[in-house]
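Q: File name run.cif; file contents mmCIF, C-alpha atoms; full text below.
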```
data_query
#
loop_
_atom_site.label_atom_id
_atom_site.label_comp_id
_atom_site.auth_asym_id
_atom_site.auth_seq_id
_atom_site.Cartn_x
_atom_site.Cartn_y
_atom_site.Cartn_z
CA MET A 7 0.00 0.00 0.00
CA ARG A 8 2.86 2.39 0.87
CA ALA A 9 4.52 1.65 -2.46
CA PHE A 10 1.26 2.46 -4.28
CA ALA A 11 0.94 5.75 -2.38
CA THR A 12 4.51 6.63 -3.32
CA MET A 13 3.77 5.91 -6.96
CA ARG A 14 0.73 8.20 -6.83
CA ASP A 15 2.77 10.96 -5.19
CA ASP A 16 5.57 10.57 -7.74
CA LEU A 17 3.10 10.69 -10.63
CA LYS A 18 1.53 13.87 -9.32
CA ILE A 19 4.90 15.55 -8.77
CA ALA A 20 5.93 14.65 -12.32
CA LEU A 21 2.57 15.88 -13.62
CA ILE A 22 2.98 19.29 -12.00
CA GLU A 23 6.52 19.58 -13.35
CA GLN A 24 5.33 18.67 -16.83
CA ALA A 25 2.52 21.23 -16.58
CA ARG A 26 5.05 23.94 -15.72
CA THR A 27 7.23 22.87 -18.62
CA LEU A 28 4.28 23.25 -20.99
CA GLY A 29 3.62 26.80 -19.79
CA PHE A 30 0.92 26.39 -17.15
CA ASP A 31 1.47 28.77 -14.25
CA CYS A 32 -0.40 26.80 -11.61
CA ALA A 33 -1.95 23.37 -11.19
CA GLY A 34 -3.85 21.44 -8.57
CA VAL A 35 -5.87 18.26 -8.12
CA THR A 36 -9.26 17.81 -6.53
CA ASP A 37 -11.89 15.14 -6.02
CA PRO A 38 -14.73 15.15 -8.57
CA GLY A 39 -17.20 15.26 -5.70
CA ALA A 40 -15.65 18.33 -4.10
CA ILE A 41 -18.08 20.92 -5.49
CA ALA A 42 -21.40 19.55 -4.19
CA GLN A 43 -22.26 23.01 -2.81
CA ALA A 44 -21.96 24.57 -6.27
CA GLY A 45 -25.02 22.77 -7.63
CA PRO A 46 -27.67 24.56 -5.53
CA TYR A 47 -26.12 27.97 -6.28
CA PHE A 48 -26.11 27.20 -9.99
CA ARG A 49 -29.73 26.05 -9.98
CA GLU A 50 -30.74 29.23 -8.13
CA PHE A 51 -28.91 31.27 -10.78
CA LEU A 52 -30.84 29.51 -13.53
CA SER A 53 -34.23 29.64 -11.81
CA SER A 54 -33.92 33.41 -11.35
CA GLY A 55 -33.36 33.82 -15.09
CA ALA A 56 -30.06 35.58 -14.45
CA HIS A 57 -28.40 33.62 -17.27
CA GLY A 58 -30.44 35.59 -19.82
CA ASP A 59 -30.39 34.08 -23.30
CA MET A 60 -27.49 31.74 -22.55
CA ASP A 61 -29.59 28.64 -23.06
CA TRP A 62 -26.49 26.47 -23.26
CA LEU A 63 -25.97 27.13 -19.54
CA ALA A 64 -29.43 25.85 -18.70
CA ALA A 65 -29.03 22.68 -20.78
CA ASN A 66 -28.40 19.63 -18.57
CA PRO A 67 -27.52 21.55 -15.38
CA GLU A 68 -26.99 18.30 -13.49
CA ARG A 69 -23.96 17.61 -15.68
CA ARG A 70 -22.35 20.85 -14.52
CA SER A 71 -23.06 20.21 -10.86
CA ASP A 72 -20.94 17.06 -10.63
CA PRO A 73 -18.08 16.02 -12.98
CA ARG A 74 -19.11 12.40 -12.49
CA ASN A 75 -22.33 13.16 -14.36
CA LEU A 76 -20.19 14.22 -17.31
CA TRP A 77 -17.90 11.18 -17.11
CA ALA A 78 -18.75 8.42 -14.65
CA SER A 79 -15.20 7.04 -14.53
CA VAL A 80 -13.48 10.23 -13.40
CA ARG A 81 -11.60 9.87 -10.12
CA SER A 82 -9.45 13.01 -10.18
CA VAL A 83 -9.87 16.48 -11.65
CA ILE A 84 -6.70 18.37 -12.54
CA MET A 85 -7.20 22.13 -12.75
CA LEU A 86 -4.63 24.25 -14.53
CA GLY A 87 -4.18 27.99 -14.92
CA VAL A 88 -2.36 30.27 -17.34
CA ASN A 89 -1.61 33.84 -16.30
CA TYR A 90 -2.78 36.50 -18.78
CA GLY A 91 -2.11 39.54 -16.62
CA PRO A 92 -2.11 42.82 -18.61
CA ASP A 93 0.97 45.01 -18.87
CA GLU A 94 -1.05 48.20 -18.34
CA ASP A 95 -4.10 49.35 -16.39
CA PRO A 96 -7.22 48.06 -18.22
CA LEU A 97 -9.28 50.93 -16.79
CA SER A 98 -7.19 53.73 -18.30
CA ILE A 99 -8.72 53.36 -21.78
CA LEU A 100 -12.18 54.15 -20.42
CA GLU A 101 -11.21 57.84 -20.44
CA GLN A 102 -10.31 57.71 -24.15
CA ARG A 103 -13.85 58.05 -25.46
CA THR A 104 -12.96 58.02 -29.17
CA ARG A 105 -11.29 54.63 -28.77
CA GLY A 106 -12.77 51.22 -28.06
CA ALA A 107 -12.10 49.18 -24.93
CA ILE A 108 -11.68 45.46 -25.63
CA SER A 109 -11.49 43.11 -22.66
CA VAL A 110 -7.94 42.05 -21.82
CA TYR A 111 -8.62 38.39 -22.50
CA ALA A 112 -9.68 39.13 -26.08
CA GLN A 113 -6.77 41.35 -27.15
CA GLY A 114 -4.59 38.38 -28.11
CA ASP A 115 -5.20 34.95 -29.64
CA ASP A 116 -8.22 32.94 -28.53
CA TYR A 117 -7.25 31.30 -25.24
CA HIS A 118 -9.41 28.26 -26.04
CA ASP A 119 -7.08 27.35 -28.90
CA VAL A 120 -3.86 28.17 -27.05
CA ILE A 121 -4.70 26.30 -23.86
CA LYS A 122 -6.46 23.32 -25.40
CA LYS A 123 -3.34 22.43 -27.37
CA ARG A 124 -1.29 22.40 -24.17
CA LEU A 125 -3.95 20.49 -22.27
CA LYS A 126 -4.01 17.78 -24.89
CA GLU A 127 -0.23 17.48 -24.76
CA LEU A 128 -0.26 17.24 -20.97
CA ALA A 129 -3.13 14.75 -21.05
CA ARG A 130 -1.25 12.54 -23.52
CA TRP A 131 1.74 12.61 -21.21
CA LEU A 132 -0.42 11.64 -18.22
CA ALA A 133 -2.18 8.87 -20.13
CA THR A 134 1.17 7.32 -20.95
CA ALA A 135 2.91 7.92 -17.62
CA GLY A 136 -0.08 6.85 -15.52
CA ALA A 137 -1.57 4.22 -17.84
CA CYS A 138 -4.92 5.94 -17.44
CA GLU A 139 -7.81 7.47 -19.37
CA VAL A 140 -8.10 11.24 -19.72
CA LYS A 141 -10.47 13.94 -21.03
CA VAL A 142 -9.70 17.65 -21.50
CA PHE A 143 -11.99 20.68 -21.18
CA VAL A 144 -11.50 24.41 -21.85
CA ASP A 145 -14.60 26.46 -21.08
CA THR A 146 -16.70 24.82 -23.80
CA ALA A 147 -18.24 21.84 -21.95
CA ALA A 148 -20.51 21.46 -18.92
CA VAL A 149 -17.68 21.94 -16.41
CA MET A 150 -17.79 24.38 -13.49
CA GLU A 151 -14.19 25.46 -13.76
CA LYS A 152 -14.16 28.13 -11.06
CA PRO A 153 -15.53 26.02 -8.16
CA LEU A 154 -13.25 23.18 -9.23
CA ALA A 155 -10.27 25.54 -9.37
CA GLN A 156 -11.02 26.70 -5.83
CA ALA A 157 -11.33 23.10 -4.67
CA ALA A 158 -7.94 22.37 -6.29
CA GLY A 159 -6.28 25.29 -4.48
CA LEU A 160 -5.76 27.65 -7.43
CA GLY A 161 -7.72 30.52 -5.87
CA TRP A 162 -11.22 31.36 -4.69
CA GLN A 163 -14.38 32.74 -6.24
CA GLY A 164 -14.57 36.39 -5.28
CA LYS A 165 -17.64 38.48 -4.70
CA HIS A 166 -17.76 39.13 -8.48
CA THR A 167 -18.02 35.32 -8.97
CA ASN A 168 -14.69 35.18 -10.83
CA LEU A 169 -11.61 33.35 -9.62
CA VAL A 170 -9.08 35.35 -7.60
CA SER A 171 -5.55 34.13 -6.98
CA ARG A 172 -3.18 35.39 -4.30
CA GLU A 173 -0.37 35.05 -6.83
CA PHE A 174 -2.01 36.11 -10.10
CA GLY A 175 -4.91 38.28 -9.00
CA SER A 176 -7.86 38.17 -11.39
CA TRP A 177 -5.96 37.07 -14.48
CA LEU A 178 -6.09 33.29 -14.90
CA PHE A 179 -7.33 31.26 -17.84
CA LEU A 180 -8.52 27.86 -16.63
CA GLY A 181 -8.47 24.41 -18.14
CA ALA A 182 -9.31 20.96 -16.79
CA ILE A 183 -8.16 17.38 -17.26
CA PHE A 184 -10.41 14.61 -16.00
CA THR A 185 -8.73 11.26 -15.37
CA ASP A 186 -9.62 7.87 -13.96
CA ALA A 187 -6.28 7.85 -12.13
CA ASP A 188 -6.52 8.39 -8.38
CA LEU A 189 -4.11 11.27 -7.68
CA PRO A 190 -3.33 12.94 -4.33
CA ARG A 191 -5.60 15.95 -3.66
CA ASP A 192 -4.59 19.53 -2.98
CA GLU A 193 -6.13 21.58 -0.22
CA ALA A 194 -8.96 23.86 -1.30
CA ASP A 195 -8.38 27.59 -1.14
CA THR A 196 -10.51 29.75 1.13
CA ASP A 197 -12.18 33.11 0.60
CA HIS A 198 -9.87 36.09 1.17
CA CYS A 199 -12.21 38.90 0.05
CA GLY A 200 -12.97 40.01 3.60
CA SER A 201 -15.11 43.16 3.77
CA CYS A 202 -13.90 44.49 0.39
CA ARG A 203 -16.64 45.56 -2.05
CA ALA A 204 -14.49 47.12 -4.77
CA CYS A 205 -15.65 44.76 -7.52
CA LEU A 206 -19.32 45.21 -6.61
CA ASP A 207 -19.22 48.98 -6.32
CA ILE A 208 -17.40 49.66 -9.59
CA CYS A 209 -19.86 47.78 -11.81
CA PRO A 210 -21.36 50.39 -14.19
CA THR A 211 -24.66 48.50 -14.61
CA ALA A 212 -25.16 47.17 -11.05
CA ALA A 213 -24.92 43.57 -12.26
CA PHE A 214 -24.34 42.18 -8.75
CA PRO A 215 -27.59 42.02 -6.76
CA ALA A 216 -25.57 40.73 -3.80
CA PRO A 217 -22.00 39.58 -3.10
CA TYR A 218 -21.20 36.34 -4.96
CA LYS A 219 -24.28 36.72 -7.18
CA LEU A 220 -24.27 37.91 -10.79
CA ASP A 221 -27.22 38.89 -12.95
CA ALA A 222 -25.73 38.30 -16.38
CA ARG A 223 -28.56 40.23 -18.02
CA ARG A 224 -27.06 43.43 -16.60
CA CYS A 225 -23.41 42.52 -17.19
CA ILE A 226 -21.60 44.45 -19.93
CA SER A 227 -19.74 41.31 -20.98
CA TYR A 228 -23.08 39.60 -21.56
CA LEU A 229 -24.64 42.63 -23.24
CA THR A 230 -21.78 43.12 -25.70
CA ILE A 231 -20.97 39.45 -26.39
CA GLU A 232 -23.80 37.02 -25.65
CA ASN A 233 -26.73 39.33 -26.33
CA LYS A 234 -27.76 38.93 -29.97
CA GLY A 235 -30.28 41.77 -30.23
CA PRO A 236 -30.18 45.50 -29.61
CA ILE A 237 -28.53 46.48 -26.35
CA PRO A 238 -31.32 47.56 -23.96
CA ARG A 239 -31.55 51.34 -23.87
CA GLU A 240 -31.25 51.45 -20.07
CA PHE A 241 -27.66 50.17 -20.26
CA ARG A 242 -26.30 52.02 -23.29
CA LYS A 243 -24.91 55.08 -21.51
CA ALA A 244 -23.30 52.93 -18.81
CA ILE A 245 -21.45 50.86 -21.41
CA GLY A 246 -19.31 53.83 -22.33
CA ASN A 247 -16.65 52.83 -24.85
CA ARG A 248 -16.56 49.13 -23.91
CA ILE A 249 -16.99 47.39 -27.26
CA TYR A 250 -16.24 43.79 -26.24
CA GLY A 251 -16.54 42.66 -22.66
CA CYS A 252 -15.70 44.53 -19.47
CA ASP A 253 -12.76 44.28 -17.06
CA ASP A 254 -13.88 46.70 -14.36
CA CYS A 255 -14.65 44.19 -11.60
CA LEU A 256 -11.47 42.25 -12.37
CA ALA A 257 -9.14 45.22 -12.70
CA VAL A 258 -10.18 46.91 -9.45
CA CYS A 259 -9.46 43.86 -7.25
CA PRO A 260 -6.81 44.68 -4.59
CA TRP A 261 -5.24 41.24 -5.03
CA ASN A 262 -3.95 42.40 -8.42
CA LYS A 263 -1.12 44.15 -6.60
CA PHE A 264 0.59 40.75 -6.54
CA ALA A 265 -0.15 40.01 -10.21
CA THR A 266 2.44 40.06 -12.96
CA ALA A 267 2.10 40.44 -16.71
CA GLY A 268 1.48 37.22 -18.60
CA HIS A 269 4.42 35.67 -20.41
CA GLU A 270 2.65 33.82 -23.23
CA ALA A 271 3.22 35.77 -26.44
CA LYS A 272 0.11 34.40 -28.17
CA LEU A 273 -2.08 35.71 -25.36
CA SER A 274 -0.42 39.13 -25.24
CA ALA A 275 -2.32 42.13 -26.53
CA ARG A 276 -1.90 42.95 -30.20
CA ASN A 277 -1.05 46.61 -30.66
CA GLU A 278 -3.99 47.14 -33.02
CA LEU A 279 -6.43 45.85 -30.37
CA ARG A 280 -5.16 47.79 -27.35
CA ALA A 281 -7.03 51.02 -28.06
CA PRO A 282 -8.47 50.95 -31.59
CA GLY A 283 -10.10 54.10 -32.90
CA LEU A 284 -13.89 53.98 -33.12
CA SER A 285 -13.97 55.69 -36.51
CA SER A 286 -11.83 53.01 -38.16
CA LEU A 287 -13.76 50.20 -36.47
CA ALA A 288 -17.06 51.61 -37.70
CA ARG A 289 -15.85 51.19 -41.29
CA LEU A 290 -15.21 47.45 -41.03
CA ASP A 291 -17.10 45.29 -43.48
CA ASP A 292 -17.36 41.55 -42.88
CA ALA A 293 -14.08 40.68 -44.61
CA ALA A 294 -12.12 43.40 -42.83
CA PHE A 295 -13.67 42.42 -39.50
CA ARG A 296 -12.63 38.81 -39.97
CA LYS A 297 -9.12 39.82 -40.94
CA LEU A 298 -8.63 42.19 -38.00
CA PHE A 299 -9.94 39.65 -35.48
CA SER A 300 -8.38 36.55 -36.98
CA LYS A 301 -7.62 34.07 -34.15
CA SER A 302 -9.35 36.42 -31.68
CA PRO A 303 -12.43 35.45 -29.66
CA VAL A 304 -14.01 38.70 -30.87
CA LYS A 305 -14.57 37.10 -34.26
CA ARG A 306 -17.18 34.76 -32.79
CA ILE A 307 -19.80 37.48 -32.29
CA GLY A 308 -19.70 38.48 -35.96
CA ARG A 309 -19.35 41.84 -37.65
CA ASP A 310 -22.91 43.11 -37.08
CA ARG A 311 -22.98 42.64 -33.32
CA PHE A 312 -19.52 44.15 -33.07
CA ILE A 313 -20.48 47.24 -35.08
CA ARG A 314 -23.57 47.53 -32.85
CA ASN A 315 -21.20 47.80 -29.90
CA VAL A 316 -18.97 50.29 -31.70
CA LEU A 317 -21.97 52.50 -32.44
CA VAL A 318 -23.02 52.53 -28.80
CA ALA A 319 -19.49 53.65 -27.95
CA ILE A 320 -19.68 56.31 -30.66
CA GLY A 321 -22.92 57.55 -29.13
CA ASN A 322 -21.13 57.82 -25.79
CA SER A 323 -18.06 59.56 -27.20
CA ASN A 324 -19.35 63.13 -26.81
CA ASN A 325 -17.54 63.77 -30.08
CA PRO A 326 -19.83 65.18 -32.81
CA SER A 327 -17.18 64.51 -35.46
CA LEU A 328 -18.08 60.82 -35.19
CA ALA A 329 -21.69 61.47 -36.15
CA SER A 330 -20.79 61.00 -39.83
CA GLU A 331 -19.81 57.38 -39.11
CA ALA A 332 -23.20 56.71 -37.54
CA GLU A 333 -24.99 58.54 -40.35
CA ARG A 334 -23.28 56.39 -42.97
CA LEU A 335 -24.35 53.22 -41.16
CA LEU A 336 -28.02 54.19 -41.31
CA ALA A 337 -27.89 52.51 -44.71
CA ASP A 338 -26.16 49.34 -43.49
CA ALA A 339 -27.65 46.00 -44.57
CA SER A 340 -28.07 44.89 -40.95
CA PRO A 341 -31.10 46.17 -38.98
CA LEU A 342 -29.07 45.62 -35.80
CA VAL A 343 -26.45 48.06 -37.06
CA ARG A 344 -28.99 50.56 -38.37
CA GLY A 345 -30.82 50.63 -35.05
CA ALA A 346 -27.61 51.27 -33.13
CA ALA A 347 -26.70 54.01 -35.61
CA VAL A 348 -29.99 55.75 -34.87
CA TRP A 349 -29.22 55.83 -31.15
CA ALA A 350 -25.64 57.02 -31.72
CA LEU A 351 -26.89 59.92 -33.85
CA SER A 352 -29.49 60.85 -31.25
CA GLN A 353 -26.67 61.26 -28.73
CA LEU A 354 -24.36 63.32 -30.96
CA LEU A 355 -26.63 65.61 -32.98
CA GLU A 356 -28.49 68.67 -31.78
CA PRO A 357 -32.23 67.90 -31.43
CA SER A 358 -33.15 69.97 -34.48
CA ALA A 359 -30.54 68.26 -36.64
CA PHE A 360 -31.62 64.83 -35.42
CA THR A 361 -35.27 65.60 -36.08
CA GLN A 362 -34.42 66.58 -39.64
CA GLN A 363 -32.41 63.38 -40.07
CA ALA A 364 -35.24 61.31 -38.63
CA SER A 365 -37.89 62.78 -40.90
CA GLN A 366 -35.88 61.73 -43.94
CA ALA A 367 -34.48 58.35 -42.89
CA ALA A 368 -37.31 56.93 -40.80
CA MET A 369 -39.75 57.03 -43.71
CA ALA A 370 -37.49 54.78 -45.76
CA GLU A 371 -36.99 52.25 -42.95
CA SER A 372 -38.88 48.96 -43.31
CA ASP A 373 -37.62 47.08 -40.24
CA THR A 374 -39.89 47.47 -37.22
CA THR A 375 -37.08 47.31 -34.66
CA VAL A 376 -35.26 50.17 -36.38
CA GLN A 377 -38.49 52.13 -36.69
CA MET A 378 -38.88 51.73 -32.94
CA GLU A 379 -35.38 53.14 -32.45
CA TRP A 380 -36.31 56.22 -34.48
CA GLU A 381 -39.48 56.69 -32.49
CA ALA A 382 -37.79 56.23 -29.11
CA ALA A 383 -34.97 58.61 -30.01
CA ARG A 384 -37.16 61.38 -31.40
CA PRO A 385 -36.85 64.51 -29.23
CA SER A 386 -39.92 65.48 -27.24
CA PRO A 387 -41.82 68.46 -28.74
#
```
For this file, produce the structure as C-alpha cells.
A:
Amino acid sequence: MRAFATMRDDLKIALIEQARTLGFDCAGVTDPGAIAQAGPYFREFLSSGAHGDMDWLAANPERRSDPRNLWASVRSVIMLGVNYGPDEDPLSILEQRTRGAISVYAQGDDYHDVIKKRLKELARWLATAGACEVKVFVDTAAVMEKPLAQAAGLGWQGKHTNLVSREFGSWLFLGAIFTDADLPRDEADTDHCGSCRACLDICPTAAFPAPYKLDARRCISYLTIENKGPIPREFRKAIGNRIYGCDDCLAVCPWNKFATAGHEAKLSARNELRAPGLSSLARLDDAAFRKLFSKSPVKRIGRDRFIRNVLVAIGNSNNPSLASEAERLLADASPLVRGAAVWALSQLLEPSAFTQQASQAAMAESDTTVQMEWEAARPSP
C-alpha cells in the first residue's frame, strides 16, 4: 500500500513539473465530488433567469453540478491555470472616449485554442505515464471550472463570482483534465475577500444584486458578447466605450497588486487591439472584420454585433465629429447596425438636426425594430 501511495505521489509531482514545462502557471488536483455546494447555487442562478439568453448554460444543469455526471469514470480532476495579466491598467482606456475598450482576455489569440493544445499534450503525457484514461476541457463543456479551481487550491471565487488568486490576482485562464487515475488531492483555497466591495461597487450597470451573485442580463460582458439583439436602452450610456466585454470588476481587485504580466506571447495584446479608434472600427465590413480579429475570440460574435457595440461607444463619445460614421451606417444592410446608428446619432446631434435626419431616414426604414429606435430617439416636442 505504501509503495502504491509513493507511486501516486511521484506521478503527481511529475505531472505538476510537466505542466510547468508546458507553460501552465499553476496546477492542482481535486476530487470530482468536491463541489457539491456549487449545484444549488447554480440552480438558483438559472431559476432566477439571471443567465439571460445563454440557453447552453441551462441545458443539462446536473452535468455541470458534478463532474461524475459528465464522465462516470473520473476519479481526479486536474485544474490548470495560465496567467494572462495585462501590462497596463485596463481601466485607463475608459477615459479615451474616441477609442474602443476590448477586454484584456480578447486582445490576443483565442485562449481556447492556445490552452487546449497544451492540455491535450499534458493529457497525452499523463495517459502514458499513468496508464490511465483522460479527457480535456477548456470552457466549452458542462464543467464548473471556477468552483473546481477553488477546490484544487488555485484561488477562490470572489464576490464578483470570478476566480481570484493570491499570486495572479484576477488574471487566470482555466483548463481541466479529468482522469480515472486516483491522484493525491490539494487543499482547497478559502475566501480572502474580507469586507472588500471594490468589484461590486465599480460595476457600471449594477450587475451584482448581492455579493457572490451575478445577474448576467445586466453585465456588460453579456450585453456586448452574448446578447444577440439590440442592447437595452437602459444600459447604453453605462457601457461607455466598452466594445467587447468589461474588465472593471477584475481590474479593481486589490489582489492584483501581486499580479504580474502574462508571459505567453500568443495571449499578449496585439497593438492594433489595445485602443483601436472607433472611426476606423465603424468602417469594417465583414471581410475586414474577420481579418482584423483573426484568431481572436471577438470574431465569434460576428461583424454586425460588433459594429452595434462600436456605435453605442460612438454615441457615448461626446464627439460630434463621429456622427458621420453613424450617419453612414443608417444605410447598413443589418437592422441591428442601423438601429444602433440611430441611437448614436441621437446622442451626438443637436435635437433639431436629429429631427431633420429622422424625418428623412425613418420614412425609408422597413424594419420594425429600427423604426422603434427612431421613435424612441425622437426629441420630445
Q: Interatomic distance between CA of Thr134 in chain A and CA of Val80 in chain A?
A: 16.7 Å
Q: Just checking: using only C-alpha atoms, which residue out of A:Leu298, A:Ala148, A:Leu160, A:Ala359 ends up closest to Asp192 in chain A?
A: A:Leu160
Q: List the residues selected by the PyMOL selection byres ((chain A and resi 104) around 6) in the file shown, writing them as a PyMOL selection string.
A: chain A and resi 102-103+105+284+323
Q: I'd like the contact shell of Gln363 in chain A - 10 Å cut-off, all atoms listed in the file, skipping same-chain residues fewer than 6 positions apart - returned as number ranges by chain.
A: A: 333, 348, 351-352, 355, 357, 380
Q: Taking (-6.5, 31.6, -24.1) as a centre in this file's frame and 10 Å as the limit, can you find every polymer residue with an atom that close, using all atoms listed in the file, and give them as a ChimeraX atom specification?
A: /A:88-90,111-112,114-122,144,178-181,270,272-274,302-303
Q: Check the smallest atom-to-atom distance from each of A:Asn262, A:Gln362, A:Asn322, A:Thr375 to Pro236 in chain A using all atoms listed in the file, then report the winner.
A: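 The closest residue to Pro236 in chain A is A:Thr375.
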Q: I need the residue nearest Val83 in chain A from this list: A:Leu52, A:Ala40, A:Leu336, A:Ala367. Use only C-alpha atoms for the distance.
A: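 That would be A:Ala40, the residue with the smallest distance to Val83 in chain A.
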